[in-house]
Amino acid sequence: MQGKIVKVSGPLIVAENMADAKMYDVVRVSEKKLIGEIIELRGDKASIQVYEETGGLGPGETVESTGVPLSVELAPGLIEGIFDGIQRPLTRIAAAYGDRITRGISVTNLDHEKEWEFVPLAREGDEVQAGDFLGYVQETPIVRHKIMVPYGVAGKVTYIRGGMYNITQTVAKIATQKGEREICMLTRWPVRRGRPYREKMSPEMPMITGQRVIDTLFPIARGGVAAVPGPFGSGKTVVQHQLAKWADADIIVYIGCGERGNEMTDVLNEFPELKDPKTGEPLMKRTVLIANTSDMPVAAREASIYTGITIAEYFRDMGLNVAIMADSTSRWAEALREMSGRLEEMPGEEGYPAYLSSRLAEFYERAGIVKTLAGEERVGSVTAIGAVSPAGGDLSEPVAQATLRIVKVFWGLSASLAYKRHFPAIDWLISYSLYADRLAPWYAKNASSDFNELRAFAIHVLQEEAELEEIVRLVGADSLSYKDRLTLETAKSIREDFLHQNAFHETDTFTSVAKQCRMLRLIRDFHRLGLNALAAGADYSQLVNLPVREKIGRSKYIAEEDIAQFDGIAEQLKREIRALDGGESRV
């Protein structure tokens, strides 16, 4: 079926004679074979968003439908890959065509020529169904890439052989009810359709990130969803880099969606240099990068987050824990708004389409922890973390508000904290986590029995500080009681010694949950013992200037293997406070 262009409006074209086409079919536009996708059908006219530059196109040129939806290739070769928004391989394109993506180029998404060593796990005669493992490829030193029975296939394995294969060669044959099916390592999946699973489970354990403000105050569950909104310069990208490096996920999918080219360049340069702390291998050995910068075609930006979440679901189905970072969904929403405007749809708030909220929900709802099709015992998860870049830091704008209605964790970044060089600049007064109560039993069992008490203490003191700061601004600190002044000192210690974390310091960049408990317990004990000492008549200025306070402040630099040093600091704290009040203080 061939249609003809009747209208060109930037990345949107309208073609007639397309009555037999379907929504979201991929088309090839003009003799240049530009890639496009049908996003609206009216009678025999189709509106098509073109994923490449449309300059020079005109009415009368041909449009040919492929009859298949926009899909990604899933096979060995994904890990360490750098792709654009529709999964074109940027490194291979650069090698073949230069640094700029030439229009109409034809290149396979994954390398179909490279051979991989396939190691069988199934045997001839085995009964298998969708999702079962046929074998694996050791794709990188970190990632063992499992080859699964494709969706919709079930039967008896009649042939399977190990050896060196490319991803299109037959590695197994399965006798199904419809005849024998040849299986290769390559499968394709439509990006706008979630991959099936057996059951979605309630998240009950956290994704540990090593970032104290996150793990202790605003934890995210494994399989949860979080938003990181903040104005320009507040450190959204650094937070996502830290999560990509330290989060206890098996696979990282990082989507640079409409970000500035220099930021994506930093990511592309840094990730191969970063060492994976668990294995010592480069972080790229378990990472997939999708780079769709602000100067790339806007339509491909809209597709990029679907490409990323589909790849994440594929690894989830192997029983792996995947973390997907979308930076940023605001730029994705801007692409949605531009295409909606060109379609002449009725605009909603601030010009965004009326379906903005439902499209955001479609993305975030594909996260979760699930039992896969292969059986009850195989569980995988996708944890989605989306950065939001509201214009001027205004959290009342539509993208931020729509995101907040969907996600359960909100790490609100503050420009004022960033200007004070407090990083991560997550504002503890506006941030929240709706997973905290659900994860409390896990923390009590695996971190410390008093973990939840410590967390409540920290939040209470920080909130009290905010209230007391109002009084200080009005009448000065001298008007406060010694008890309130001690509260301000404790809050300062929580802020500067506990929440402030140096991403570039070898020890401070990551803190285990056990060490986080030890640090916070020292601060809480200082506060409780200090209140008792003040009640017994101790001198306030001597109390806040105790020598042990410097050790408490520097405890963040104690290495994980030297964590026993916290016991010595705790004993020193008790000794020094007993010396102040004649031994009347008790923890």
# chains A, B, ... in the order shown; residues from 1 in each chain; ligands from 1
call {"tool": "residues_around", "arguments": {"residues": "segment 462-466 of chain A", "least_positions_apart": "4", "cutoff": "7 Å", "atoms": "only C-alpha atoms", "output": "PyMOL selection string"}}
result
chain A and resi 458+470+487-488+491
call {"tool": "write_last_selection", "arguments": {"atoms": "N, CA, C and O atoms", "output": "PDB file, in the first residue's frame"}}
result
ATOM      1  N   ALA A 458      14.924  11.866  63.177  1.00  0.00           N
ATOM      2  CA  ALA A 458      15.556  12.813  62.254  1.00  0.00           C
ATOM      3  C   ALA A 458      14.516  13.731  61.618  1.00  0.00           C
ATOM      4  O   ALA A 458      14.702  14.953  61.543  1.00  0.00           O
ATOM      5  N   GLU A 470      11.754  30.280  62.138  1.00  0.00           N
ATOM      6  CA  GLU A 470      10.822  31.407  62.019  1.00  0.00           C
ATOM      7  C   GLU A 470      10.959  32.340  63.216  1.00  0.00           C
ATOM      8  O   GLU A 470      10.990  33.572  63.078  1.00  0.00           O
ATOM      9  N   THR A 487      18.155  21.719  70.039  1.00  0.00           N
ATOM     10  CA  THR A 487      17.440  21.157  68.886  1.00  0.00           C
ATOM     11  C   THR A 487      18.017  21.707  67.587  1.00  0.00           C
ATOM     12  O   THR A 487      18.217  20.966  66.607  1.00  0.00           O
ATOM     13  N   LEU A 488      18.306  23.014  67.546  1.00  0.00           N
ATOM     14  CA  LEU A 488      18.908  23.613  66.348  1.00  0.00           C
ATOM     15  C   LEU A 488      20.289  23.030  66.078  1.00  0.00           C
ATOM     16  O   LEU A 488      20.658  22.784  64.920  1.00  0.00           O
ATOM     17  N   ALA A 491      19.774  19.544  64.687  1.00  0.00           N
ATOM     18  CA  ALA A 491      19.325  19.627  63.301  1.00  0.00           C
ATOM     19  C   ALA A 491      20.480  19.985  62.375  1.00  0.00           C
ATOM     20  O   ALA A 491      20.600  19.450  61.264  1.00  0.00           O
TER      21      ALA A 491
END
call {"tool": "closest_atom_pairs", "arguments": {"of": "segment 5-48 of chain A", "to": "segment 87-109 of chain A", "cutoff": "12 Å", "atoms": "only C-alpha atoms", "output": "JSON lines"}}
result
{"residue": "A:Arg28", "atom": "CA", "partner": "A:Gly104", "partner_atom": "CA", "distance": 8.9}
{"residue": "A:Val29", "atom": "CA", "partner": "A:Gly104", "partner_atom": "CA", "distance": 9.0}
{"residue": "A:Ser30", "atom": "CA", "partner": "A:Gly104", "partner_atom": "CA", "distance": 9.5}
{"residue": "A:Glu31", "atom": "CA", "partner": "A:Gly104", "partner_atom": "CA", "distance": 8.7}
{"residue": "A:Lys32", "atom": "CA", "partner": "A:Gly104", "partner_atom": "CA", "distance": 5.1}
{"residue": "A:Lys33", "atom": "CA", "partner": "A:Gly104", "partner_atom": "CA", "distance": 5.1}
{"residue": "A:Leu34", "atom": "CA", "partner": "A:Gly104", "partner_atom": "CA", "distance": 4.8}
{"residue": "A:Ile35", "atom": "CA", "partner": "A:Gly104", "partner_atom": "CA", "distance": 7.3}
{"residue": "A:Gly36", "atom": "CA", "partner": "A:Gly104", "partner_atom": "CA", "distance": 10.7}
call {"tool": "closest_atom_pairs", "arguments": {"of": "segment 223-332 of chain A", "to": "segment 132-146 of chain A", "cutoff": "12 Å", "atoms": "only C-alpha atoms", "output": "tab-separated table"}}
result
residue	atom	partner	partner_atom	distance
A:Ala249	CA	A:Val143	CA	11.7
A:Asp250	CA	A:Val143	CA	8.0
A:Ile251	CA	A:Val143	CA	8.2
A:Ile252	CA	A:Val143	CA	11.3
A:Lys275	CA	A:Ile142	CA	11.9
A:Asp276	CA	A:Ile142	CA	9.4
A:Pro277	CA	A:Ile142	CA	11.7
A:Lys278	CA	A:Ile142	CA	9.5
A:Thr279	CA	A:Ile142	CA	7.4
A:Gly280	CA	A:Ile142	CA	9.7
A:Glu281	CA	A:Ile142	CA	7.6
A:Pro282	CA	A:Ile142	CA	9.5
A:Leu283	CA	A:Ile142	CA	9.4
A:Met284	CA	A:Thr140	CA	9.5
A:Lys285	CA	A:Thr140	CA	5.8
A:Arg286	CA	A:Val143	CA	6.3
A:Thr287	CA	A:Val143	CA	9.7
A:Val288	CA	A:Val143	CA	11.8
A:Tyr314	CA	A:Lys146	CA	10.2
A:Phe315	CA	A:His145	CA	8.4
A:Arg316	CA	A:Lys146	CA	11.0
A:Asp317	CA	A:Lys146	CA	9.5
A:Met318	CA	A:Lys146	CA	6.4
A:Gly319	CA	A:Lys146	CA	9.5
A:Leu320	CA	A:Val143	CA	9.9
A:Asn321	CA	A:Val143	CA	11.9
call {"tool": "write_last_selection", "arguments": {"atoms": "N, CA and C atoms", "output": "mmCIF file, in the first residue's frame"}}
result
data_model
loop_
_atom_site.group_PDB
_atom_site.id
_atom_site.type_symbol
_atom_site.label_atom_id
_atom_site.label_comp_id
_atom_site.auth_asym_id
_atom_site.auth_seq_id
_atom_site.Cartn_x
_atom_site.Cartn_y
_atom_site.Cartn_z
ATOM 1 N N ALA A 249 20.924 -2.546 41.660
ATOM 2 C CA ALA A 249 20.207 -3.069 40.490
ATOM 3 C C ALA A 249 21.197 -3.839 39.626
ATOM 4 N N ASP A 250 20.684 -4.856 38.937
ATOM 5 C CA ASP A 250 21.555 -5.668 38.069
ATOM 6 C C ASP A 250 21.844 -4.957 36.750
ATOM 7 N N ILE A 251 20.844 -4.217 36.242
ATOM 8 C CA ILE A 251 20.959 -3.546 34.944
ATOM 9 C C ILE A 251 20.508 -2.099 35.113
ATOM 10 N N ILE A 252 21.212 -1.183 34.464
ATOM 11 C CA ILE A 252 20.822 0.232 34.449
ATOM 12 C C ILE A 252 20.461 0.606 33.008
ATOM 13 N N LYS A 275 33.781 2.800 37.813
ATOM 14 C CA LYS A 275 33.916 1.396 38.176
ATOM 15 C C LYS A 275 32.666 0.927 38.907
ATOM 16 N N ASP A 276 32.163 -0.240 38.514
ATOM 17 C CA ASP A 276 31.048 -0.830 39.223
ATOM 18 C C ASP A 276 31.560 -1.282 40.592
ATOM 19 N N PRO A 277 31.021 -0.726 41.685
ATOM 20 C CA PRO A 277 31.582 -1.026 43.009
ATOM 21 C C PRO A 277 31.472 -2.491 43.406
ATOM 22 N N LYS A 278 30.525 -3.220 42.822
ATOM 23 C CA LYS A 278 30.334 -4.619 43.218
ATOM 24 C C LYS A 278 31.348 -5.549 42.549
ATOM 25 N N THR A 279 31.744 -5.226 41.318
ATOM 26 C CA THR A 279 32.585 -6.149 40.556
ATOM 27 C C THR A 279 33.939 -5.563 40.164
ATOM 28 N N GLY A 280 34.062 -4.230 40.234
ATOM 29 C CA GLY A 280 35.304 -3.594 39.800
ATOM 30 C C GLY A 280 35.393 -3.393 38.301
ATOM 31 N N GLU A 281 34.387 -3.886 37.563
ATOM 32 C CA GLU A 281 34.351 -3.712 36.113
ATOM 33 C C GLU A 281 33.786 -2.317 35.788
ATOM 34 N N PRO A 282 34.025 -1.803 34.566
ATOM 35 C CA PRO A 282 33.399 -0.529 34.194
ATOM 36 C C PRO A 282 31.876 -0.605 34.294
ATOM 37 N N LEU A 283 31.269 0.487 34.739
ATOM 38 C CA LEU A 283 29.820 0.531 34.934
ATOM 39 C C LEU A 283 29.065 0.239 33.640
ATOM 40 N N MET A 284 29.662 0.579 32.501
ATOM 41 C CA MET A 284 28.996 0.342 31.212
ATOM 42 C C MET A 284 28.729 -1.137 30.961
ATOM 43 N N LYS A 285 29.435 -2.016 31.672
ATOM 44 C CA LYS A 285 29.272 -3.459 31.458
ATOM 45 C C LYS A 285 27.908 -3.969 31.920
ATOM 46 N N ARG A 286 27.107 -3.101 32.576
ATOM 47 C CA ARG A 286 25.734 -3.488 32.931
ATOM 48 C C ARG A 286 24.752 -2.355 32.621
ATOM 49 N N THR A 287 25.100 -1.523 31.645
ATOM 50 C CA THR A 287 24.315 -0.327 31.357
ATOM 51 C C THR A 287 23.910 -0.274 29.888
ATOM 52 N N VAL A 288 22.680 0.210 29.642
ATOM 53 C CA VAL A 288 22.216 0.536 28.288
ATOM 54 C C VAL A 288 21.935 2.040 28.272
ATOM 55 N N TYR A 314 12.458 -6.364 29.286
ATOM 56 C CA TYR A 314 13.086 -7.571 28.729
ATOM 57 C C TYR A 314 14.051 -8.179 29.744
ATOM 58 N N PHE A 315 14.885 -7.333 30.357
ATOM 59 C CA PHE A 315 15.816 -7.847 31.371
ATOM 60 C C PHE A 315 15.076 -8.254 32.647
ATOM 61 N N ARG A 316 13.976 -7.557 32.954
ATOM 62 C CA ARG A 316 13.143 -7.958 34.094
ATOM 63 C C ARG A 316 12.650 -9.394 33.931
ATOM 64 N N ASP A 317 12.272 -9.759 32.699
ATOM 65 C CA ASP A 317 11.737 -11.090 32.443
ATOM 66 C C ASP A 317 12.780 -12.179 32.644
ATOM 67 N N MET A 318 14.057 -11.800 32.670
ATOM 68 C CA MET A 318 15.117 -12.773 32.973
ATOM 69 C C MET A 318 15.256 -12.995 34.476
ATOM 70 N N GLY A 319 14.462 -12.263 35.281
ATOM 71 C CA GLY A 319 14.579 -12.370 36.731
ATOM 72 C C GLY A 319 15.577 -11.390 37.309
ATOM 73 N N LEU A 320 15.926 -10.340 36.544
ATOM 74 C CA LEU A 320 16.887 -9.345 37.008
ATOM 75 C C LEU A 320 16.162 -8.125 37.571
ATOM 76 N N ASN A 321 16.889 -7.367 38.382
ATOM 77 C CA ASN A 321 16.373 -6.108 38.921
ATOM 78 C C ASN A 321 16.956 -4.967 38.098
#
call {"tool": "residues_around", "arguments": {"residues": "Gln240 of chain A", "least_positions_apart": "5", "cutoff": "9 Å", "atoms": "only C-alpha atoms", "output": "PDB file with all heavy atoms, in the first residue's frame"}}
result
ATOM      1  N   VAL A 228      12.211  13.096  40.439  1.00  0.00           N
ATOM      2  CA  VAL A 228      13.244  13.994  40.947  1.00  0.00           C
ATOM      3  C   VAL A 228      13.049  15.353  40.275  1.00  0.00           C
ATOM      4  O   VAL A 228      13.698  15.651  39.270  1.00  0.00           O
ATOM      5  CB  VAL A 228      14.664  13.466  40.647  1.00  0.00           C
ATOM      6  CG1 VAL A 228      15.707  14.217  41.453  1.00  0.00           C
ATOM      7  CG2 VAL A 228      14.770  11.985  40.916  1.00  0.00           C
ATOM      8  N   GLY A 235      21.069  19.798  40.577  1.00  0.00           N
ATOM      9  CA  GLY A 235      21.755  18.516  40.715  1.00  0.00           C
ATOM     10  C   GLY A 235      20.941  17.288  40.360  1.00  0.00           C
ATOM     11  O   GLY A 235      21.227  16.197  40.846  1.00  0.00           O
ATOM     12  N   LYS A 245      25.108   4.497  39.604  1.00  0.00           N
ATOM     13  CA  LYS A 245      26.360   3.872  40.030  1.00  0.00           C
ATOM     14  C   LYS A 245      26.168   2.947  41.234  1.00  0.00           C
ATOM     15  O   LYS A 245      26.714   1.848  41.278  1.00  0.00           O
ATOM     16  CB  LYS A 245      27.389   4.949  40.375  1.00  0.00           C
ATOM     17  CG  LYS A 245      28.754   4.382  40.753  1.00  0.00           C
ATOM     18  CD  LYS A 245      29.764   5.476  41.039  1.00  0.00           C
ATOM     19  CE  LYS A 245      31.122   4.869  41.402  1.00  0.00           C
ATOM     20  NZ  LYS A 245      32.118   5.895  41.745  1.00  0.00           N
ATOM     21  N   TYR A 254      19.644   4.034  31.078  1.00  0.00           N
ATOM     22  CA  TYR A 254      19.686   5.496  31.262  1.00  0.00           C
ATOM     23  C   TYR A 254      19.198   6.167  29.977  1.00  0.00           C
ATOM     24  O   TYR A 254      19.766   5.959  28.905  1.00  0.00           O
ATOM     25  CB  TYR A 254      21.114   5.950  31.583  1.00  0.00           C
ATOM     26  CG  TYR A 254      21.220   7.402  31.991  1.00  0.00           C
ATOM     27  CD1 TYR A 254      21.203   7.760  33.334  1.00  0.00           C
ATOM     28  CD2 TYR A 254      21.304   8.410  31.041  1.00  0.00           C
ATOM     29  CE1 TYR A 254      21.282   9.100  33.712  1.00  0.00           C
ATOM     30  CE2 TYR A 254      21.375   9.740  31.415  1.00  0.00           C
ATOM     31  CZ  TYR A 254      21.368  10.074  32.744  1.00  0.00           C
ATOM     32  OH  TYR A 254      21.434  11.392  33.120  1.00  0.00           O
ATOM     33  N   MET A 325      16.435   5.216  34.442  1.00  0.00           N
ATOM     34  CA  MET A 325      16.502   6.652  34.730  1.00  0.00           C
ATOM     35  C   MET A 325      16.052   7.408  33.482  1.00  0.00           C
ATOM     36  O   MET A 325      16.644   7.238  32.413  1.00  0.00           O
ATOM     37  CB  MET A 325      17.937   7.075  35.066  1.00  0.00           C
ATOM     38  CG  MET A 325      18.699   6.113  35.956  1.00  0.00           C
ATOM     39  SD  MET A 325      18.163   6.191  37.639  1.00  0.00           S
ATOM     40  CE  MET A 325      19.043   4.782  38.323  1.00  0.00           C
ATOM     41  N   ALA A 326      15.029   8.221  33.614  1.00  0.00           N
ATOM     42  CA  ALA A 326      14.558   9.044  32.501  1.00  0.00           C
ATOM     43  C   ALA A 326      14.883  10.503  32.804  1.00  0.00           C
ATOM     44  O   ALA A 326      14.359  11.070  33.760  1.00  0.00           O
ATOM     45  CB  ALA A 326      13.064   8.867  32.295  1.00  0.00           C
ATOM     46  N   ASP A 327      15.747  11.096  32.004  1.00  0.00           N
ATOM     47  CA  ASP A 327      16.221  12.456  32.267  1.00  0.00           C
ATOM     48  C   ASP A 327      16.062  13.291  30.986  1.00  0.00           C
ATOM     49  O   ASP A 327      16.904  13.240  30.111  1.00  0.00           O
ATOM     50  CB  ASP A 327      17.691  12.394  32.694  1.00  0.00           C
ATOM     51  CG  ASP A 327      18.242  13.724  33.167  1.00  0.00           C
ATOM     52  OD1 ASP A 327      17.439  14.659  33.364  1.00  0.00           O
ATOM     53  OD2 ASP A 327      19.475  13.841  33.320  1.00  0.00           O
ATOM     54  N   ILE A 385      12.817   5.916  37.742  1.00  0.00           N
ATOM     55  CA  ILE A 385      13.119   7.201  38.378  1.00  0.00           C
ATOM     56  C   ILE A 385      13.157   8.263  37.282  1.00  0.00           C
ATOM     57  O   ILE A 385      14.010   8.213  36.385  1.00  0.00           O
ATOM     58  CB  ILE A 385      14.467   7.141  39.122  1.00  0.00           C
ATOM     59  CG1 ILE A 385      14.396   6.079  40.234  1.00  0.00           C
ATOM     60  CG2 ILE A 385      14.824   8.507  39.709  1.00  0.00           C
ATOM     61  CD1 ILE A 385      15.726   5.601  40.720  1.00  0.00           C
ATOM     62  N   GLY A 386      12.214   9.173  37.323  1.00  0.00           N
ATOM     63  CA  GLY A 386      12.104  10.190  36.280  1.00  0.00           C
ATOM     64  C   GLY A 386      12.471  11.565  36.798  1.00  0.00           C
ATOM     65  O   GLY A 386      11.956  12.010  37.832  1.00  0.00           O
ATOM     66  N   ALA A 387      13.371  12.236  36.118  1.00  0.00           N
ATOM     67  CA  ALA A 387      13.681  13.632  36.454  1.00  0.00           C
ATOM     68  C   ALA A 387      12.641  14.535  35.809  1.00  0.00           C
ATOM     69  O   ALA A 387      12.177  14.276  34.699  1.00  0.00           O
ATOM     70  CB  ALA A 387      15.079  13.996  35.957  1.00  0.00           C
TER      71      ALA A 387
END
call {"tool": "select_by_dssp", "arguments": {"residues": "segment 340-560 of chain A", "states": "strand (DSSP E)", "output": "list in words"}}
result
Gly368, Ile369, Val370, Lys371, Val379, Gly380, Ser381, Val382, Thr383, Ala384, Ile385, Gly386, Ala387, Val388, Val409, Phe410, Tyr432 and Ser433 of chain A
call {"tool": "write_last_selection", "arguments": {"atoms": "all heavy atoms", "output": "CSV table (one decimal), in the first residue's frame"}}
result
chain,number,residue,atom,x,y,z
A,368,GLY,N,7.5,-1.9,38.3
A,368,GLY,CA,6.9,-2.8,39.2
A,368,GLY,C,7.8,-4.1,39.5
A,368,GLY,O,8.8,-4.3,38.7
A,369,ILE,N,7.4,-4.8,40.5
A,369,ILE,CA,8.1,-6.1,40.8
A,369,ILE,C,7.1,-7.2,40.4
A,369,ILE,O,5.9,-7.2,40.9
A,369,ILE,CB,8.6,-6.2,42.2
A,369,ILE,CG1,9.3,-7.5,42.5
A,369,ILE,CG2,7.5,-6.0,43.3
A,369,ILE,CD1,10.1,-7.5,43.8
A,370,VAL,N,7.5,-8.1,39.6
A,370,VAL,CA,6.5,-9.1,39.0
A,370,VAL,C,7.1,-10.5,39.1
A,370,VAL,O,8.3,-10.8,39.2
A,370,VAL,CB,6.2,-8.8,37.6
A,370,VAL,CG1,5.7,-7.4,37.4
A,370,VAL,CG2,7.4,-9.0,36.7
A,371,LYS,N,6.1,-11.5,39.2
A,371,LYS,CA,6.4,-12.9,38.9
A,371,LYS,C,6.3,-13.0,37.4
A,371,LYS,O,5.3,-12.7,36.8
A,371,LYS,CB,5.4,-13.8,39.6
A,371,LYS,CG,5.5,-13.8,41.1
A,371,LYS,CD,4.5,-14.7,41.8
A,371,LYS,CE,4.7,-14.7,43.3
A,371,LYS,NZ,3.6,-15.5,44.0
A,379,VAL,N,11.4,-13.9,39.9
A,379,VAL,CA,10.8,-12.6,40.1
A,379,VAL,C,11.8,-11.6,39.6
A,379,VAL,O,13.0,-11.7,39.8
A,379,VAL,CB,10.6,-12.4,41.7
A,379,VAL,CG1,10.2,-10.9,42.0
A,379,VAL,CG2,9.6,-13.3,42.2
A,380,GLY,N,11.3,-10.6,38.9
A,380,GLY,CA,12.1,-9.5,38.3
A,380,GLY,C,11.5,-8.2,38.6
A,380,GLY,O,10.3,-8.1,39.0
A,381,SER,N,12.2,-7.1,38.5
A,381,SER,CA,11.7,-5.8,38.9
A,381,SER,C,12.2,-4.7,37.9
A,381,SER,O,13.3,-4.8,37.4
A,381,SER,CB,12.0,-5.4,40.3
A,381,SER,OG,13.3,-5.1,40.5
A,382,VAL,N,11.4,-3.7,37.7
A,382,VAL,CA,11.8,-2.4,37.1
A,382,VAL,C,11.5,-1.3,38.0
A,382,VAL,O,10.3,-1.1,38.4
A,382,VAL,CB,11.0,-2.2,35.7
A,382,VAL,CG1,11.4,-0.9,35.1
A,382,VAL,CG2,11.4,-3.4,34.7
A,383,THR,N,12.5,-0.6,38.4
A,383,THR,CA,12.4,0.6,39.2
A,383,THR,C,12.6,1.8,38.4
A,383,THR,O,13.6,2.0,37.7
A,383,THR,CB,13.4,0.6,40.4
A,383,THR,OG1,13.3,-0.7,41.1
A,383,THR,CG2,13.1,1.7,41.4
A,384,ALA,N,11.6,2.7,38.3
A,384,ALA,CA,11.6,3.9,37.4
A,384,ALA,C,11.8,5.1,38.2
A,384,ALA,O,11.1,5.4,39.1
A,384,ALA,CB,10.3,4.0,36.6
A,385,ILE,N,12.8,5.9,37.7
A,385,ILE,CA,13.1,7.2,38.4
A,385,ILE,C,13.2,8.3,37.3
A,385,ILE,O,14.0,8.2,36.4
A,385,ILE,CB,14.5,7.1,39.1
A,385,ILE,CG1,14.4,6.1,40.2
A,385,ILE,CG2,14.8,8.5,39.7
A,385,ILE,CD1,15.7,5.6,40.7
A,386,GLY,N,12.2,9.2,37.3
A,386,GLY,CA,12.1,10.2,36.3
A,386,GLY,C,12.5,11.6,36.8
A,386,GLY,O,12.0,12.0,37.8
A,387,ALA,N,13.4,12.2,36.1
A,387,ALA,CA,13.7,13.6,36.5
A,387,ALA,C,12.6,14.5,35.8
A,387,ALA,O,12.2,14.3,34.7
A,387,ALA,CB,15.1,14.0,36.0
A,388,VAL,N,12.3,15.6,36.5
A,388,VAL,CA,11.3,16.6,36.0
A,388,VAL,C,12.0,17.9,36.1
A,388,VAL,O,12.6,18.3,37.1
A,388,VAL,CB,10.0,16.6,36.8
A,388,VAL,CG1,9.0,17.6,36.2
A,388,VAL,CG2,9.4,15.2,36.9
A,409,VAL,N,7.3,8.3,45.4
A,409,VAL,CA,8.4,8.9,46.0
A,409,VAL,C,8.7,10.2,45.3
A,409,VAL,O,8.8,10.3,44.1
A,409,VAL,CB,9.7,8.0,45.9
A,409,VAL,CG1,10.9,8.7,46.6
A,409,VAL,CG2,9.4,6.7,46.6
A,410,PHE,N,8.9,11.3,46.1
A,410,PHE,CA,9.1,12.6,45.6
A,410,PHE,C,10.4,13.2,46.2
A,410,PHE,O,10.4,13.4,47.4
A,410,PHE,CB,7.9,13.5,45.9
A,410,PHE,CG,8.1,14.9,45.6
A,410,PHE,CD1,8.0,15.4,44.3
A,410,PHE,CD2,8.3,15.9,46.6
A,410,PHE,CE1,8.1,16.7,44.0
A,410,PHE,CE2,8.4,17.2,46.3
A,410,PHE,CZ,8.3,17.7,45.0
A,432,TYR,N,8.9,13.4,50.1
A,432,TYR,CA,8.2,12.4,50.8
A,432,TYR,C,8.4,11.0,50.1
A,432,TYR,O,8.8,10.9,49.0
A,432,TYR,CB,6.7,12.7,50.9
A,432,TYR,CG,6.0,12.8,49.6
A,432,TYR,CD1,5.5,11.6,49.0
A,432,TYR,CD2,5.7,14.0,49.0
A,432,TYR,CE1,4.8,11.7,47.8
A,432,TYR,CE2,5.0,14.1,47.8
A,432,TYR,CZ,4.6,12.9,47.2
A,432,TYR,OH,3.9,13.0,46.0
A,433,SER,N,8.1,9.9,50.9
A,433,SER,CA,8.1,8.6,50.3
A,433,SER,C,6.9,7.9,50.9
A,433,SER,O,6.8,7.7,52.1
A,433,SER,CB,9.4,7.8,50.7
A,433,SER,OG,9.2,6.5,50.3
call {"tool": "closest_residue", "arguments": {"among": "A:Val213, A:Val475, A:Val298, A:Ala559", "to": "His500 of chain A", "atoms": "only C-alpha atoms"}}
result
A:Val213
call {"tool": "atom_distance", "arguments": {"atom1": "atom CA of Ala579 of chain A", "atom2": "atom CA of Arg495 of chain A"}}
result
27.2 Å
call {"tool": "closest_residue", "arguments": {"among": "A:Pro11, A:Gly77, A:Pro398, A:Pro424", "to": "Glu302 of chain A", "atoms": "only C-alpha atoms"}}
result
A:Pro11
call {"tool": "closest_residue", "arguments": {"among": "A:Tyr435, A:Gly58, A:Glu199, A:Ala415", "to": "Arg378 of chain A", "atoms": "only C-alpha atoms"}}
result
A:Glu199
call {"tool": "atom_distance", "arguments": {"atom1": "atom CA of Glu349 of chain A", "atom2": "atom CA of Gly261 of chain A"}}
result
28.7 Å
call {"tool": "residues_around", "arguments": {"residues": "Phe510 of chain A", "least_positions_apart": "3", "cutoff": "9 Å", "atoms": "only C-alpha atoms", "output": "mmCIF file with N, CA and C atoms, in the first residue's frame"}}
result
data_model
loop_
_atom_site.group_PDB
_atom_site.id
_atom_site.type_symbol
_atom_site.label_atom_id
_atom_site.label_comp_id
_atom_site.auth_asym_id
_atom_site.auth_seq_id
_atom_site.Cartn_x
_atom_site.Cartn_y
_atom_site.Cartn_z
ATOM 1 N N THR A 209 20.419 2.585 47.783
ATOM 2 C CA THR A 209 21.155 3.465 46.877
ATOM 3 C C THR A 209 22.489 3.944 47.449
ATOM 4 N N GLY A 210 22.674 3.794 48.766
ATOM 5 C CA GLY A 210 23.893 4.316 49.388
ATOM 6 C C GLY A 210 23.859 5.803 49.633
ATOM 7 N N GLN A 211 22.746 6.455 49.266
ATOM 8 C CA GLN A 211 22.585 7.902 49.498
ATOM 9 C C GLN A 211 21.750 8.066 50.767
ATOM 10 N N ARG A 212 22.319 8.689 51.796
ATOM 11 C CA ARG A 212 21.699 8.674 53.127
ATOM 12 C C ARG A 212 20.331 9.350 53.154
ATOM 13 N N GLN A 242 24.492 9.122 40.567
ATOM 14 C CA GLN A 242 24.775 8.401 41.801
ATOM 15 C C GLN A 242 23.902 7.156 41.931
ATOM 16 N N TRP A 246 25.361 3.384 42.206
ATOM 17 C CA TRP A 246 25.358 2.700 43.491
ATOM 18 C C TRP A 246 24.102 1.882 43.776
ATOM 19 N N GLN A 501 26.352 14.832 51.563
ATOM 20 C CA GLN A 501 27.139 13.673 51.122
ATOM 21 C C GLN A 501 27.949 14.060 49.893
ATOM 22 N N ASN A 502 29.226 13.745 49.923
ATOM 23 C CA ASN A 502 30.136 14.121 48.837
ATOM 24 C C ASN A 502 30.210 12.995 47.809
ATOM 25 N N ALA A 503 29.636 13.242 46.630
ATOM 26 C CA ALA A 503 29.599 12.217 45.585
ATOM 27 C C ALA A 503 30.984 11.885 45.047
ATOM 28 N N HIS A 505 33.865 11.842 46.972
ATOM 29 C CA HIS A 505 34.778 11.350 47.996
ATOM 30 C C HIS A 505 34.737 9.825 48.004
ATOM 31 N N GLU A 506 35.889 9.211 48.049
ATOM 32 C CA GLU A 506 35.994 7.756 47.899
ATOM 33 C C GLU A 506 35.143 7.001 48.920
ATOM 34 N N THR A 507 35.115 7.488 50.180
ATOM 35 C CA THR A 507 34.364 6.802 51.229
ATOM 36 C C THR A 507 32.941 7.317 51.347
#
